[in-house]
Amino acid sequence: MQAQDPDLLRSMVKTMAEALMSAEADNLCGASYGERSSERTNSRNGYRKREWDTRAGTVELAIPKLRQGSYFPNWLLERRRRAEQALVSVVATSYLLGVSTRRVDKLVEQLGIGGISKSQVSAMAKVLDEQVEAFRTRPLDGGPYTFVWLD
């Protein structure tokens with residue numbers, strides 16, 4: 001997949017990493033982004049950009065900032081290689097076989113992120129599924145596509 005379309009893989013890795021960070025920030029705040037709740041303990045305060053070097057190329061991530069305290073995903077720093085391998089693996093599998101919430105849930109566990117709800121996992125799987133479908137149904141006319149001619 002990486003050799004076929006590295007831009008798609010980069011885009012999907014970025015989407016998945018940002019969805020994971022958003023879900024983790026929601027858990028730290030006690031409520032989802034934009035949701036009003038009495039359980040809310042903190043709120044978001046924009047994003048900071050950070051480049052992340054992966055095998056699919058450099059991905060520019062938008063890391064959520066919090067009003068009180070700070071947030072930086074430990075899984076992005078500590079086990080950097082393992083986190084990247086897990087993300088690329090799930091994204092490639094989702095491209096090849098389709099996305100399931102069980103696969104996304106396993107990814108979250110591998111990264112050491114706990115407390116993400118089933119609805120958040122379903123939302124991440126849905127976003128990946130939409131990207132895969134958009135790629136699979138893209139128009140192939142008018143672009144520089146490689147083909148093999150057999151006689």
# chains A, B, ... in the order shown; residues from 1 in each chain; ligands from 1
call {"tool": "residues_around", "arguments": {"residues": "Val59 in chain A", "least_positions_apart": "2", "cutoff": "9 Å", "atoms": "only C-alpha atoms", "output": "list in words"}}
result
Arg10, Ser11, Val13, Lys14, Arg50, Glu51, Trp52, Asp53, Thr54, Ala56, Gly57 and Leu61 of chain A
call {"tool": "write_last_selection", "arguments": {"atoms": "N, CA, C and O atoms", "output": "PDB file, in the first residue's frame"}}
result
ATOM      1  N   ARG A  10      -0.414   8.370   4.294  1.00  0.00           N
ATOM      2  CA  ARG A  10      -0.084   9.512   5.170  1.00  0.00           C
ATOM      3  C   ARG A  10      -1.353  10.181   5.683  1.00  0.00           C
ATOM      4  O   ARG A  10      -1.477  10.488   6.864  1.00  0.00           O
ATOM      5  N   SER A  11      -2.300  10.400   4.801  1.00  0.00           N
ATOM      6  CA  SER A  11      -3.559  11.045   5.168  1.00  0.00           C
ATOM      7  C   SER A  11      -4.325  10.213   6.188  1.00  0.00           C
ATOM      8  O   SER A  11      -4.868  10.741   7.166  1.00  0.00           O
ATOM      9  N   VAL A  13      -3.064   7.897   8.275  1.00  0.00           N
ATOM     10  CA  VAL A  13      -2.323   7.862   9.536  1.00  0.00           C
ATOM     11  C   VAL A  13      -2.564   9.157  10.302  1.00  0.00           C
ATOM     12  O   VAL A  13      -2.795   9.149  11.515  1.00  0.00           O
ATOM     13  N   LYS A  14      -2.551  10.282   9.594  1.00  0.00           N
ATOM     14  CA  LYS A  14      -2.813  11.587  10.227  1.00  0.00           C
ATOM     15  C   LYS A  14      -4.215  11.618  10.831  1.00  0.00           C
ATOM     16  O   LYS A  14      -4.396  12.005  11.982  1.00  0.00           O
ATOM     17  N   ARG A  50       2.758  19.841  15.105  1.00  0.00           N
ATOM     18  CA  ARG A  50       3.997  19.107  15.334  1.00  0.00           C
ATOM     19  C   ARG A  50       4.170  18.112  14.210  1.00  0.00           C
ATOM     20  O   ARG A  50       3.239  17.408  13.834  1.00  0.00           O
ATOM     21  N   GLU A  51       5.368  18.040  13.664  1.00  0.00           N
ATOM     22  CA  GLU A  51       5.645  17.080  12.612  1.00  0.00           C
ATOM     23  C   GLU A  51       6.008  15.738  13.227  1.00  0.00           C
ATOM     24  O   GLU A  51       6.711  15.664  14.241  1.00  0.00           O
ATOM     25  N   TRP A  52       5.527  14.668  12.607  1.00  0.00           N
ATOM     26  CA  TRP A  52       5.787  13.308  13.066  1.00  0.00           C
ATOM     27  C   TRP A  52       6.324  12.530  11.876  1.00  0.00           C
ATOM     28  O   TRP A  52       5.650  12.408  10.855  1.00  0.00           O
ATOM     29  N   ASP A  53       7.540  12.037  11.984  1.00  0.00           N
ATOM     30  CA  ASP A  53       8.164  11.274  10.901  1.00  0.00           C
ATOM     31  C   ASP A  53       7.739   9.820  10.989  1.00  0.00           C
ATOM     32  O   ASP A  53       7.956   9.157  12.003  1.00  0.00           O
ATOM     33  N   THR A  54       7.121   9.340   9.913  1.00  0.00           N
ATOM     34  CA  THR A  54       6.683   7.955   9.846  1.00  0.00           C
ATOM     35  C   THR A  54       7.272   7.320   8.600  1.00  0.00           C
ATOM     36  O   THR A  54       7.876   8.007   7.762  1.00  0.00           O
ATOM     37  N   ALA A  56       5.591   6.333   6.223  1.00  0.00           N
ATOM     38  CA  ALA A  56       4.780   6.836   5.111  1.00  0.00           C
ATOM     39  C   ALA A  56       5.168   8.267   4.740  1.00  0.00           C
ATOM     40  O   ALA A  56       4.639   8.818   3.805  1.00  0.00           O
ATOM     41  N   GLY A  57       6.085   8.864   5.484  1.00  0.00           N
ATOM     42  CA  GLY A  57       6.502  10.238   5.248  1.00  0.00           C
ATOM     43  C   GLY A  57       6.192  11.100   6.466  1.00  0.00           C
ATOM     44  O   GLY A  57       5.682  10.621   7.475  1.00  0.00           O
ATOM     45  N   LEU A  61       0.813  16.856  12.528  1.00  0.00           N
ATOM     46  CA  LEU A  61      -0.301  16.592  13.436  1.00  0.00           C
ATOM     47  C   LEU A  61      -0.760  17.870  14.122  1.00  0.00           C
ATOM     48  O   LEU A  61       0.040  18.750  14.405  1.00  0.00           O
TER      49      LEU A  61
END
call {"tool": "select_by_dssp", "arguments": {"residues": "range 41-81 of chain A", "states": "strand (DSSP E or B)", "output": "PDB file with N, CA and C atoms, in the first residue's frame"}}
result
ATOM      1  N   ARG A  44     -10.815  22.739  25.838  1.00  0.00           N
ATOM      2  CA  ARG A  44      -9.743  22.839  24.850  1.00  0.00           C
ATOM      3  C   ARG A  44      -9.414  24.287  24.562  1.00  0.00           C
ATOM      4  N   ASN A  45      -8.197  24.477  24.071  1.00  0.00           N
ATOM      5  CA  ASN A  45      -7.730  25.826  23.762  1.00  0.00           C
ATOM      6  C   ASN A  45      -6.912  25.807  22.472  1.00  0.00           C
ATOM      7  N   GLY A  46      -7.489  25.306  21.408  1.00  0.00           N
ATOM      8  CA  GLY A  46      -6.808  25.288  20.125  1.00  0.00           C
ATOM      9  C   GLY A  46      -5.915  24.075  19.933  1.00  0.00           C
ATOM     10  N   TYR A  47      -4.967  24.229  18.996  1.00  0.00           N
ATOM     11  CA  TYR A  47      -4.070  23.128  18.637  1.00  0.00           C
ATOM     12  C   TYR A  47      -2.659  23.649  18.482  1.00  0.00           C
ATOM     13  N   ARG A  48      -1.689  22.762  18.632  1.00  0.00           N
ATOM     14  CA  ARG A  48      -0.308  23.078  18.296  1.00  0.00           C
ATOM     15  C   ARG A  48       0.118  22.098  17.207  1.00  0.00           C
ATOM     16  N   LYS A  49       0.848  22.592  16.255  1.00  0.00           N
ATOM     17  CA  LYS A  49       1.299  21.767  15.134  1.00  0.00           C
ATOM     18  C   LYS A  49       2.613  21.092  15.510  1.00  0.00           C
ATOM     19  N   ARG A  50       2.758  19.841  15.105  1.00  0.00           N
ATOM     20  CA  ARG A  50       3.997  19.107  15.334  1.00  0.00           C
ATOM     21  C   ARG A  50       4.170  18.112  14.210  1.00  0.00           C
ATOM     22  N   GLU A  51       5.368  18.040  13.664  1.00  0.00           N
ATOM     23  CA  GLU A  51       5.645  17.080  12.612  1.00  0.00           C
ATOM     24  C   GLU A  51       6.008  15.738  13.227  1.00  0.00           C
ATOM     25  N   TRP A  52       5.527  14.668  12.607  1.00  0.00           N
ATOM     26  CA  TRP A  52       5.787  13.308  13.066  1.00  0.00           C
ATOM     27  C   TRP A  52       6.324  12.530  11.876  1.00  0.00           C
ATOM     28  N   ASP A  53       7.540  12.037  11.984  1.00  0.00           N
ATOM     29  CA  ASP A  53       8.164  11.274  10.901  1.00  0.00           C
ATOM     30  C   ASP A  53       7.739   9.820  10.989  1.00  0.00           C
ATOM     31  N   THR A  54       7.121   9.340   9.913  1.00  0.00           N
ATOM     32  CA  THR A  54       6.683   7.955   9.846  1.00  0.00           C
ATOM     33  C   THR A  54       7.272   7.320   8.600  1.00  0.00           C
ATOM     34  N   GLY A  57       6.085   8.864   5.484  1.00  0.00           N
ATOM     35  CA  GLY A  57       6.502  10.238   5.248  1.00  0.00           C
ATOM     36  C   GLY A  57       6.192  11.100   6.466  1.00  0.00           C
ATOM     37  N   THR A  58       6.510  12.369   6.368  1.00  0.00           N
ATOM     38  CA  THR A  58       6.275  13.286   7.476  1.00  0.00           C
ATOM     39  C   THR A  58       4.810  13.696   7.509  1.00  0.00           C
ATOM     40  N   VAL A  59       4.219  13.571   8.692  1.00  0.00           N
ATOM     41  CA  VAL A  59       2.816  13.900   8.901  1.00  0.00           C
ATOM     42  C   VAL A  59       2.764  15.078   9.862  1.00  0.00           C
ATOM     43  N   GLU A  60       2.034  16.127   9.507  1.00  0.00           N
ATOM     44  CA  GLU A  60       1.878  17.271  10.400  1.00  0.00           C
ATOM     45  C   GLU A  60       0.618  17.068  11.228  1.00  0.00           C
ATOM     46  N   LEU A  61       0.813  16.856  12.528  1.00  0.00           N
ATOM     47  CA  LEU A  61      -0.301  16.592  13.436  1.00  0.00           C
ATOM     48  C   LEU A  61      -0.760  17.870  14.122  1.00  0.00           C
ATOM     49  N   ALA A  62      -2.038  17.949  14.401  1.00  0.00           N
ATOM     50  CA  ALA A  62      -2.611  19.034  15.199  1.00  0.00           C
ATOM     51  C   ALA A  62      -2.895  18.452  16.583  1.00  0.00           C
ATOM     52  N   ILE A  63      -2.070  18.813  17.563  1.00  0.00           N
ATOM     53  CA  ILE A  63      -2.196  18.272  18.917  1.00  0.00           C
ATOM     54  C   ILE A  63      -3.060  19.220  19.743  1.00  0.00           C
ATOM     55  N   PRO A  64      -4.127  18.699  20.350  1.00  0.00           N
ATOM     56  CA  PRO A  64      -5.029  19.563  21.133  1.00  0.00           C
ATOM     57  C   PRO A  64      -4.315  20.197  22.329  1.00  0.00           C
ATOM     58  N   LYS A  65      -4.654  21.464  22.589  1.00  0.00           N
ATOM     59  CA  LYS A  65      -4.157  22.148  23.785  1.00  0.00           C
ATOM     60  C   LYS A  65      -5.326  22.291  24.748  1.00  0.00           C
ATOM     61  N   LEU A  66      -5.012  22.308  26.039  1.00  0.00           N
ATOM     62  CA  LEU A  66      -6.031  22.459  27.068  1.00  0.00           C
ATOM     63  C   LEU A  66      -5.898  23.812  27.743  1.00  0.00           C
TER      64      LEU A  66
END
call {"tool": "closest_residue", "arguments": {"among": "A:Gly69, A:Met124, A:Ser37, A:Ser119", "to": "Glu18 in chain A", "atoms": "only C-alpha atoms"}}
result
A:Met124
call {"tool": "closest_residue", "arguments": {"among": "A:Ala25, A:Arg103, A:Arg36, A:Asp7", "to": "Ser70 in chain A", "atoms": "only C-alpha atoms"}}
result
A:Ala25
call {"tool": "residues_around", "arguments": {"residues": "Met16 in chain A", "least_positions_apart": "3", "cutoff": "9 Å", "atoms": "only C-alpha atoms", "output": "PyMOL selection string"}}
result
chain A and resi 11-13+19-21+87+91+124-125+127-128
call {"tool": "atom_distance", "arguments": {"atom1": "CA of Val132 in chain A", "atom2": "CA of Ser100 in chain A"}}
result
12.5 Å
call {"tool": "closest_residue", "arguments": {"among": "A:Ala134, A:Leu140, A:Leu76, A:Ala123", "to": "Ala23 in chain A", "atoms": "only C-alpha atoms"}}
result
A:Ala123
call {"tool": "atom_distance", "arguments": {"atom1": "CA of Ser43 in chain A", "atom2": "CA of Asn74 in chain A"}}
result
19.5 Å
call {"tool": "atom_distance", "arguments": {"atom1": "CA of Ala17 in chain A", "atom2": "CA of Val121 in chain A"}}
result
12.4 Å
